[in-house]
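To start, the structure under review is shown below, and the notes come after it.
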Amino acid sequence: VTGVQTCALPIFKMDKIKLLLLGLIIATTGAFGKVKVPKNSDPSVIVYNMTRDKIEYAYNKDVVRPIASVTKIMTAMVALDYDKDLSRTLKLSGRVGSSLPRQNYNRWQLLQAMLVRSDNAAAETLASDYPGGRDAFIAKMNAQAKQWGMKNTQFEDPTGLSPNNISSVADVANMMETSSGYWIIQEVTTRKQIAVETQFKKRIHTVKLNNTNSPLLFEFDNIMVSKTGFTNPAGWCVGMVVNKDSKKYVVVILGEKSKQKRIATAEGVIYNYVIDTEIQ
C-alpha cells in the first residue's frame with residue numbers, strides 16, 4: 001500500500017504446532033440473540049487465502065461471538081453502496097461519544113474518522129443518513145450479511161458497541177474479502193493518521209486521529225484493509241486483508257485477551273501462514 005513504511009521490528013515467530021493444539025473448540029449453537037462467550041475462552045483465528053480459495057489456518061472458526069468495531073467495515077460498505085457522494089455535509093450524531101467536536105462534517109471526513117479512529121458518532125451519523133433512517137440502515141446490514149452467506153452474523157447497531165453484533169471469524173473473513181473490492185476502504189483503513197479540520201468560534205482547528213491498528217500498519221507494508229475492535233464482551237479483535245507476492249490473504253482474530261496478545265497473534269499467523277508460506 002502506497003505510503004506505508006515498515007519498522008525494523010524483531011520477527012515474532014509462533015510455533016505452528018502450539019497454535020494448532022490450543023485448547024478445545026468451544027461449542028456453539030449459532031443461535032442469534034444475546035451471546036455469552038466464556039471470559040477465559042480462547043480467541044478465534046482464521047487465515048484465508050483469497051487467491052487459492054483455501055483456509056491456511058483456522059481455530060474456533062465457527063464460534064459465534066461479539067465482533068465490536070470490526071462491524072464498521074459493513075457500515076462503510078452499506079454507506080458507500082447507498083451514496084458514493086462523499087461531499088455531502090451531515091450533522092455529527094449525539095447518540096454516542098466521539099473524538100470530534102459536535103458540528104457538521106462531510107461524508108468523506110466521517111468515513112475516515114470511522115475507519116481510522118473507529119469513531120462511533122461518525123458511524124451513527126452515516127447510518128442515520130440512510131433512506132428510512134438508522135433502523136433501515138441496520139436492516140440493510142443484516143440483509144447484506146445474509147446475501148453474502150454470513151449465516152452466523154447479526155448486526156444490532158452500526159458501531160459494534162452492542163454485544164449482539166455477532167459473527168464468526170469465517171463470516172468476518174467473507175466480509176473482509178468483500179470490502180477489499182472497495183478502493184475507498186483500502187485507501188482509508190491503511191492510513192496511520194488522518195487530520196480533520198474543525199471549527200471553533202470562527203477559527204479552524206485540526207484534529208489528528210491515529211489509526212487504531214498502527215502497530216501492525218507500521219510493521220507490515222502490505223496490509224490492504226484493516227479494522228480493529230474492542231469491547232469488554234468482544235475482547236480484542238482485528239480483521240485485515242494482506243497482499244503477498246500477488247496473493248491476497250484475509251486474517252481475522254476475535255476475542256483476544258489484550259491488545260498486546262492481538263498484535264502477537266496477528267504477527268504470528270502472518271509470518272507463519274502468509275510470509276513463510278511464500279518462501280517455502
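By order of appearance in the C-alpha cells: chains A, B, ..., then residues from 1 within every chain, and ligands from 1 in the order shown.
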
Segment 219-235 of chain A environment, 7 Å, only C-alpha atoms, sequence neighbours closer than 2 positions dropped, as JSON, numbers by chain: {"A": [1, 4, 5, 6, 7, 9, 65, 66, 67, 68, 69, 70, 115, 161, 163, 180, 185, 186, 189, 190, 212, 213, 215, 216, 217, 237, 238, 239, 240, 241, 242, 243, 244, 255, 256, 257]}

For the selection just defined, write its residues with N, CA, C and O atoms to a file, as a short mmCIF file (atom, residue, chain, number, x, y, z; two decimals), in the first residue's frame.
data_model
loop_
_atom_site.label_atom_id
_atom_site.label_comp_id
_atom_site.auth_asym_id
_atom_site.auth_seq_id
_atom_site.Cartn_x
_atom_site.Cartn_y
_atom_site.Cartn_z
N VAL A 1 0.86 -1.18 0.00
CA VAL A 1 0.00 0.00 0.00
C VAL A 1 0.89 1.23 0.00
O VAL A 1 1.79 1.36 0.83
N VAL A 4 2.89 3.38 3.10
CA VAL A 4 3.06 2.62 4.33
C VAL A 4 4.51 2.16 4.42
O VAL A 4 5.04 1.57 3.50
N GLN A 5 5.16 2.44 5.54
CA GLN A 5 6.55 2.08 5.72
C GLN A 5 6.68 1.01 6.79
O GLN A 5 5.90 0.96 7.74
N THR A 6 7.69 0.17 6.64
CA THR A 6 7.91 -0.92 7.59
C THR A 6 8.92 -0.53 8.65
O THR A 6 9.98 -0.03 8.33
N CYS A 7 8.57 -0.73 9.92
CA CYS A 7 9.52 -0.51 11.00
C CYS A 7 10.41 -1.75 11.14
O CYS A 7 9.97 -2.87 10.92
N LEU A 9 11.27 -4.07 13.19
CA LEU A 9 10.92 -4.74 14.44
C LEU A 9 11.39 -6.18 14.39
O LEU A 9 11.43 -6.80 13.32
N ARG A 65 -19.49 -14.99 18.26
CA ARG A 65 -19.11 -14.10 19.37
C ARG A 65 -19.23 -12.65 18.93
O ARG A 65 -19.29 -12.34 17.73
N PRO A 66 -19.25 -11.70 19.87
CA PRO A 66 -19.31 -10.28 19.51
C PRO A 66 -18.07 -9.88 18.71
O PRO A 66 -16.98 -10.40 18.93
N ILE A 67 -18.26 -8.91 17.79
CA ILE A 67 -17.14 -8.51 16.93
C ILE A 67 -16.75 -7.04 17.10
O ILE A 67 -15.85 -6.56 16.40
N ALA A 68 -17.42 -6.33 18.02
CA ALA A 68 -17.04 -4.94 18.32
C ALA A 68 -16.98 -4.10 17.03
O ALA A 68 -17.80 -4.26 16.14
N SER A 69 -15.98 -3.23 16.92
CA SER A 69 -15.94 -2.25 15.84
C SER A 69 -15.50 -2.81 14.49
O SER A 69 -15.48 -2.06 13.50
N VAL A 70 -15.18 -4.09 14.42
CA VAL A 70 -15.00 -4.69 13.10
C VAL A 70 -16.30 -4.54 12.31
O VAL A 70 -16.31 -4.52 11.07
N LEU A 115 -13.31 4.76 10.13
CA LEU A 115 -12.46 3.64 9.77
C LEU A 115 -11.04 3.73 10.31
O LEU A 115 -10.39 2.71 10.52
N LEU A 161 -20.79 -1.36 19.31
CA LEU A 161 -20.90 -1.23 20.77
C LEU A 161 -21.82 -2.28 21.36
O LEU A 161 -21.63 -2.71 22.50
N PRO A 163 -23.22 -5.82 22.27
CA PRO A 163 -22.69 -7.19 22.33
C PRO A 163 -23.45 -8.14 21.42
O PRO A 163 -23.03 -9.28 21.21
N SER A 180 -12.42 -5.62 0.38
CA SER A 180 -11.19 -5.34 -0.37
C SER A 180 -11.48 -4.90 -1.80
O SER A 180 -10.59 -4.40 -2.49
N ILE A 185 -12.21 1.95 0.91
CA ILE A 185 -11.93 1.26 2.17
C ILE A 185 -10.46 0.88 2.24
O ILE A 185 -9.82 1.00 3.29
N GLN A 186 -9.89 0.44 1.12
CA GLN A 186 -8.46 0.16 1.09
C GLN A 186 -7.65 1.42 1.42
O GLN A 186 -6.73 1.39 2.23
N THR A 189 -8.51 2.73 5.39
CA THR A 189 -8.23 1.91 6.57
C THR A 189 -6.74 1.68 6.80
O THR A 189 -6.34 1.29 7.90
N THR A 190 -5.91 1.93 5.80
CA THR A 190 -4.47 1.72 5.97
C THR A 190 -3.72 3.01 6.26
O THR A 190 -2.49 2.99 6.36
N THR A 212 -6.22 2.93 14.84
CA THR A 212 -6.27 2.01 15.97
C THR A 212 -5.44 0.75 15.73
O THR A 212 -5.22 -0.03 16.66
N ASN A 213 -5.00 0.55 14.51
CA ASN A 213 -4.16 -0.62 14.18
C ASN A 213 -2.75 -0.19 13.79
O ASN A 213 -2.06 -0.91 13.06
N PRO A 215 0.30 -0.25 15.21
CA PRO A 215 1.46 -1.14 15.35
C PRO A 215 1.64 -2.09 14.18
O PRO A 215 2.75 -2.28 13.68
N LEU A 216 0.55 -2.71 13.71
CA LEU A 216 0.66 -3.66 12.60
C LEU A 216 0.84 -2.94 11.27
O LEU A 216 1.53 -3.45 10.38
N LEU A 217 0.26 -1.76 11.12
CA LEU A 217 0.45 -0.99 9.88
C LEU A 217 1.89 -0.54 9.73
O LEU A 217 2.41 -0.43 8.61
N CYS A 237 -10.15 -7.48 18.87
CA CYS A 237 -10.44 -8.06 17.56
C CYS A 237 -9.72 -7.30 16.45
O CYS A 237 -9.40 -6.12 16.60
N VAL A 238 -9.51 -7.97 15.33
CA VAL A 238 -8.98 -7.30 14.15
C VAL A 238 -9.32 -8.13 12.91
O VAL A 238 -9.34 -9.36 12.95
N GLY A 239 -9.59 -7.41 11.82
CA GLY A 239 -9.77 -8.03 10.52
C GLY A 239 -8.87 -7.32 9.53
O GLY A 239 -8.81 -6.09 9.52
N MET A 240 -8.14 -8.08 8.71
CA MET A 240 -7.21 -7.48 7.75
C MET A 240 -7.22 -8.27 6.44
O MET A 240 -7.50 -9.47 6.43
N VAL A 241 -6.89 -7.57 5.37
CA VAL A 241 -6.57 -8.21 4.10
C VAL A 241 -5.11 -7.89 3.82
O VAL A 241 -4.70 -6.72 3.88
N VAL A 242 -4.31 -8.93 3.57
CA VAL A 242 -2.86 -8.77 3.38
C VAL A 242 -2.47 -9.28 2.01
O VAL A 242 -2.94 -10.35 1.57
N ASN A 243 -1.63 -8.53 1.32
CA ASN A 243 -1.17 -8.90 -0.02
C ASN A 243 0.28 -9.36 0.05
O ASN A 243 1.12 -8.68 0.63
N LYS A 244 0.57 -10.53 -0.50
CA LYS A 244 1.95 -11.04 -0.52
C LYS A 244 2.22 -11.72 -1.85
O LYS A 244 1.62 -12.73 -2.18
N GLY A 255 -11.70 -11.90 19.90
CA GLY A 255 -11.71 -12.34 21.29
C GLY A 255 -10.37 -12.53 21.94
O GLY A 255 -10.27 -13.30 22.92
N GLU A 256 -9.31 -11.84 21.47
CA GLU A 256 -8.05 -11.92 22.19
C GLU A 256 -8.17 -11.20 23.53
O GLU A 256 -9.04 -10.36 23.74
N LYS A 257 -7.28 -11.54 24.46
CA LYS A 257 -7.42 -11.07 25.84
C LYS A 257 -6.80 -9.70 26.10
O LYS A 257 -7.04 -9.10 27.14
#

Could you find all residues in segment 104-262 of chain A that DSSP calls alpha helix (DSSP H) from the backbone, and write them as a PyMOL selection string? chain A and resi 107-116+120-128+133-147+169-179+183-189+214-219+259-262

So how far away is atom CA of Ala76 of chain A from atom CA of Ala145 of chain A, in Å? 13.3 Å

Spatial neighbours of His205 of chain A, max dist 12 Å, only C-alpha atoms, sep filter under 6 positions, as JSON, numbers by chain: {"A": [100, 101, 195, 196, 197, 198, 199]}

If you keep all heavy atoms, can you produce a file of those selected residues as a JSON list (two decimals), in the first residue's frame?
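This went into selection14.json:
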[["chain", "number", "residue", "atom", "x", "y", "z"],
["A", 100, "LEU", "N", -14.50, 13.75, 17.84],
["A", 100, "LEU", "CA", -14.66, 15.00, 17.10],
["A", 100, "LEU", "C", -15.63, 15.94, 17.80],
["A", 100, "LEU", "O", -16.57, 15.49, 18.46],
["A", 100, "LEU", "CB", -15.19, 14.72, 15.69],
["A", 100, "LEU", "CG", -14.31, 13.84, 14.79],
["A", 100, "LEU", "CD1", -15.08, 13.46, 13.53],
["A", 100, "LEU", "CD2", -13.02, 14.56, 14.45],
["A", 101, "PRO", "N", -15.44, 17.25, 17.65],
["A", 101, "PRO", "CA", -16.42, 18.22, 18.16],
["A", 101, "PRO", "C", -17.76, 18.06, 17.45],
["A", 101, "PRO", "O", -17.81, 17.63, 16.29],
["A", 101, "PRO", "CB", -15.78, 19.58, 17.82],
["A", 101, "PRO", "CG", -14.34, 19.30, 17.60],
["A", 101, "PRO", "CD", -14.26, 17.91, 17.05],
["A", 195, "ALA", "N", -6.05, 13.85, 9.45],
["A", 195, "ALA", "CA", -6.28, 15.17, 10.03],
["A", 195, "ALA", "C", -7.65, 15.66, 9.58],
["A", 195, "ALA", "O", -7.94, 15.69, 8.39],
["A", 195, "ALA", "CB", -5.20, 16.15, 9.59],
["A", 196, "VAL", "N", -8.49, 16.01, 10.55],
["A", 196, "VAL", "CA", -9.84, 16.50, 10.25],
["A", 196, "VAL", "C", -9.94, 17.96, 10.70],
["A", 196, "VAL", "O", -9.65, 18.27, 11.87],
["A", 196, "VAL", "CB", -10.91, 15.65, 10.97],
["A", 196, "VAL", "CG1", -12.30, 16.20, 10.66],
["A", 196, "VAL", "CG2", -10.80, 14.19, 10.55],
["A", 197, "GLU", "N", -10.32, 18.82, 9.78],
["A", 197, "GLU", "CA", -10.47, 20.24, 10.13],
["A", 197, "GLU", "C", -11.79, 20.47, 10.84],
["A", 197, "GLU", "O", -12.84, 20.01, 10.39],
["A", 197, "GLU", "CB", -10.38, 21.11, 8.88],
["A", 197, "GLU", "CG", -8.99, 21.19, 8.28],
["A", 197, "GLU", "CD", -8.89, 22.24, 7.19],
["A", 197, "GLU", "OE1", -9.95, 22.73, 6.75],
["A", 197, "GLU", "OE2", -7.76, 22.55, 6.76],
["A", 198, "THR", "N", -11.72, 21.17, 11.96],
["A", 198, "THR", "CA", -12.92, 21.53, 12.72],
["A", 198, "THR", "C", -12.93, 23.03, 12.96],
["A", 198, "THR", "O", -11.90, 23.71, 12.83],
["A", 198, "THR", "CB", -12.94, 20.81, 14.08],
["A", 198, "THR", "OG1", -11.85, 21.26, 14.88],
["A", 198, "THR", "CG2", -12.84, 19.30, 13.89],
["A", 199, "GLN", "N", -14.10, 23.55, 13.30],
["A", 199, "GLN", "CA", -14.22, 24.99, 13.51],
["A", 199, "GLN", "C", -14.73, 25.28, 14.92],
["A", 199, "GLN", "O", -15.66, 24.65, 15.40],
["A", 199, "GLN", "CB", -15.18, 25.60, 12.48],
["A", 199, "GLN", "CG", -15.24, 27.12, 12.54],
["A", 199, "GLN", "CD", -16.03, 27.71, 11.38],
["A", 199, "GLN", "OE1", -16.31, 27.03, 10.41],
["A", 199, "GLN", "NE2", -16.40, 28.98, 11.49]]

Would you mind telling me which residue in A:Leu209, A:Asn49, A:Gly268, A:Ser167 lies nearest to Gln109 of chain A when using only C-alpha atoms?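 Answer, going by the shortest atom-to-atom distance: A:Leu209.
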
Using DSSP on the backbone coordinates, identify all residues within segment 17-222 of chain A classified as strand (DSSP E); present the result as number ranges by chain. A: 44-49, 54-59, 65-66, 89-91, 104-106, 166-167, 193-200, 203-210

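All residues of protein, DNA or RNA that reach within 6 Å of segment 82-88 of chain A, judged by only C-alpha atoms and not counting those fewer than 5 positions away in the chain, are A:Asn106, A:Arg107, A:Trp108.
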
Save out the residues we just selected, all heavy atoms, as a CSV table (one decimal), in the first residue's frame.
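Printed below is part-v3.csv as written:
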chain,number,residue,atom,x,y,z
A,106,ASN,N,-18.4,16.5,6.2
A,106,ASN,CA,-18.8,15.8,5.0
A,106,ASN,C,-18.7,14.3,5.2
A,106,ASN,O,-18.0,13.8,6.1
A,106,ASN,CB,-18.1,16.4,3.8
A,106,ASN,CG,-16.6,16.2,3.8
A,106,ASN,OD1,-16.1,15.1,4.2
A,106,ASN,ND2,-15.9,17.2,3.4
A,107,ARG,N,-19.3,13.6,4.3
A,107,ARG,CA,-19.3,12.1,4.5
A,107,ARG,C,-17.9,11.5,4.3
A,107,ARG,O,-17.6,10.5,4.9
A,107,ARG,CB,-20.2,11.5,3.4
A,107,ARG,CG,-21.7,11.8,3.7
A,107,ARG,CD,-22.6,11.3,2.6
A,107,ARG,NE,-22.8,9.8,2.8
A,107,ARG,CZ,-22.5,8.9,1.9
A,107,ARG,NH1,-21.9,9.3,0.7
A,107,ARG,NH2,-22.7,7.6,2.1
A,108,TRP,N,-17.0,12.2,3.6
A,108,TRP,CA,-15.6,11.7,3.5
A,108,TRP,C,-14.9,11.8,4.8
A,108,TRP,O,-14.2,10.9,5.2
A,108,TRP,CB,-14.9,12.6,2.4
A,108,TRP,CG,-13.4,12.3,2.3
A,108,TRP,CD1,-12.4,13.2,2.5
A,108,TRP,CD2,-12.7,11.1,1.9
A,108,TRP,NE1,-11.2,12.7,2.3
A,108,TRP,CE2,-11.3,11.4,1.9
A,108,TRP,CE3,-13.2,9.8,1.6
A,108,TRP,CZ2,-10.4,10.4,1.6
A,108,TRP,CZ3,-12.2,8.9,1.3
A,108,TRP,CH2,-10.9,9.2,1.3

Rank nothing, just name the residue among A:Met50, A:Val64, A:Met176, A:Val251 nearest to Glu267 of chain A, using only C-alpha atoms. A:Val251

List as CSV every residue of segment 106-218 of chain A that is in contact with segment 53-58 of chain A, defined as an atom at most 12 Å from one of its atoms (using only C-alpha atoms), together with the nearest atom pair and the distance in Å rounded to one decimal, sorted by chain and then rising number.
residue,atom,partner,partner_atom,distance
A:Ser168,CA,A:Ala58,CA,11.2
A:Val169,CA,A:Ala58,CA,8.6
A:Ala170,CA,A:Ala58,CA,8.6
A:Ala173,CA,A:Ile55,CA,10.2
A:Asn174,CA,A:Asp53,CA,11.1
A:Glu177,CA,A:Asp53,CA,10.9

Generate the output file for the selected residues, N, CA and C atoms, as a CSV table (one decimal), in the first residue's frame.
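Wrote again-v5.csv, looks like this:
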chain,number,residue,atom,x,y,z
A,168,SER,N,-18.7,-14.9,13.3
A,168,SER,CA,-17.6,-15.9,13.5
A,168,SER,C,-16.5,-15.4,12.6
A,169,VAL,N,-15.3,-15.9,12.8
A,169,VAL,CA,-14.1,-15.5,12.0
A,169,VAL,C,-14.3,-15.9,10.6
A,170,ALA,N,-15.0,-17.0,10.3
A,170,ALA,CA,-15.3,-17.4,9.0
A,170,ALA,C,-16.2,-16.4,8.2
A,173,ALA,N,-14.3,-13.1,7.7
A,173,ALA,CA,-13.3,-13.2,6.6
A,173,ALA,C,-14.1,-13.0,5.3
A,174,ASN,N,-15.3,-13.5,5.2
A,174,ASN,CA,-16.1,-13.2,4.0
A,174,ASN,C,-16.3,-11.7,3.8
A,177,GLU,N,-13.1,-9.9,2.8
A,177,GLU,CA,-12.8,-10.2,1.4
A,177,GLU,C,-13.6,-9.3,0.5

Between atom CA of Ala123 of chain A and atom CA of Lys72 of chain A - distance in Å to one decimal: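 Between atom CA of Lys72 of chain A and atom CA of Ala123 of chain A the gap works out to 7.1 Å.
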
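Using only C-alpha atoms for every distance, the candidate list A:Val188, A:Ala264, A:Met141, A:Val172 yields A:Met141 as the residue closest to Met77 of chain A.
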
Please list as a PDB file with all heavy atoms, in the first residue's frame every residue within 8 Å of Asn142 of chain A, counting only C-alpha atoms and excluding residues in the same chain fewer than 6 positions away.
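Dumped everything to part.pdb:
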ATOM      1  N   THR A 153     -24.017 -14.374  11.426  1.00  0.00           N
ATOM      2  CA  THR A 153     -23.806 -12.943  11.661  1.00  0.00           C
ATOM      3  C   THR A 153     -25.110 -12.212  11.905  1.00  0.00           C
ATOM      4  O   THR A 153     -26.124 -12.473  11.250  1.00  0.00           O
ATOM      5  CB  THR A 153     -23.082 -12.305  10.458  1.00  0.00           C
ATOM      6  OG1 THR A 153     -21.825 -12.972  10.273  1.00  0.00           O
ATOM      7  CG2 THR A 153     -22.835 -10.826  10.670  1.00  0.00           C
ATOM      8  N   GLN A 154     -25.060 -11.282  12.858  1.00  0.00           N
ATOM      9  CA  GLN A 154     -26.204 -10.420  13.158  1.00  0.00           C
ATOM     10  C   GLN A 154     -25.684  -9.063  13.594  1.00  0.00           C
ATOM     11  O   GLN A 154     -24.711  -8.966  14.342  1.00  0.00           O
ATOM     12  CB  GLN A 154     -27.029 -11.025  14.290  1.00  0.00           C
ATOM     13  CG  GLN A 154     -28.125 -10.103  14.841  1.00  0.00           C
ATOM     14  CD  GLN A 154     -28.827 -10.729  16.024  1.00  0.00           C
ATOM     15  OE1 GLN A 154     -29.691 -11.571  15.849  1.00  0.00           O
ATOM     16  NE2 GLN A 154     -28.439 -10.346  17.232  1.00  0.00           N
ATOM     17  N   PHE A 155     -26.331  -7.996  13.108  1.00  0.00           N
ATOM     18  CA  PHE A 155     -25.983  -6.635  13.496  1.00  0.00           C
ATOM     19  C   PHE A 155     -27.154  -5.989  14.225  1.00  0.00           C
ATOM     20  O   PHE A 155     -28.299  -6.086  13.783  1.00  0.00           O
ATOM     21  CB  PHE A 155     -25.621  -5.793  12.268  1.00  0.00           C
ATOM     22  CG  PHE A 155     -24.415  -6.287  11.534  1.00  0.00           C
ATOM     23  CD1 PHE A 155     -24.542  -6.955  10.323  1.00  0.00           C
ATOM     24  CD2 PHE A 155     -23.138  -6.101  12.049  1.00  0.00           C
ATOM     25  CE1 PHE A 155     -23.429  -7.420   9.635  1.00  0.00           C
ATOM     26  CE2 PHE A 155     -22.017  -6.564  11.380  1.00  0.00           C
ATOM     27  CZ  PHE A 155     -22.166  -7.220  10.167  1.00  0.00           C
TER      28      PHE A 155
END

Which one of A:Thr75, A:Ser128, A:Ser118, A:Ser41 sits closest to Asn210 of chain A if you count only C-alpha atoms? A:Ser118

Using only C-alpha atoms, which protein or nucleic acid residues come within 9 Å of Leu90 of chain A? Drop anything in the same chain fewer than 5 positions from it, and give the result as a list in words. Gln103, Asn104, Tyr105, Asn106, Arg107, Leu110, Thr125, Leu126 and Asp129 of chain A

List the spatial neighbours of Ile270 of chain A as an MDAnalysis selection string - criterion: any atom at most 9 Å away, only C-alpha atoms, same-chain residues fewer than 4 positions off excluded. chainID A and resid 47 242 251 265:266 274:276

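A straight line drawn from atom CA of Tyr182 of chain A to atom CA of Asp245 of chain A is 20.5 Å long.
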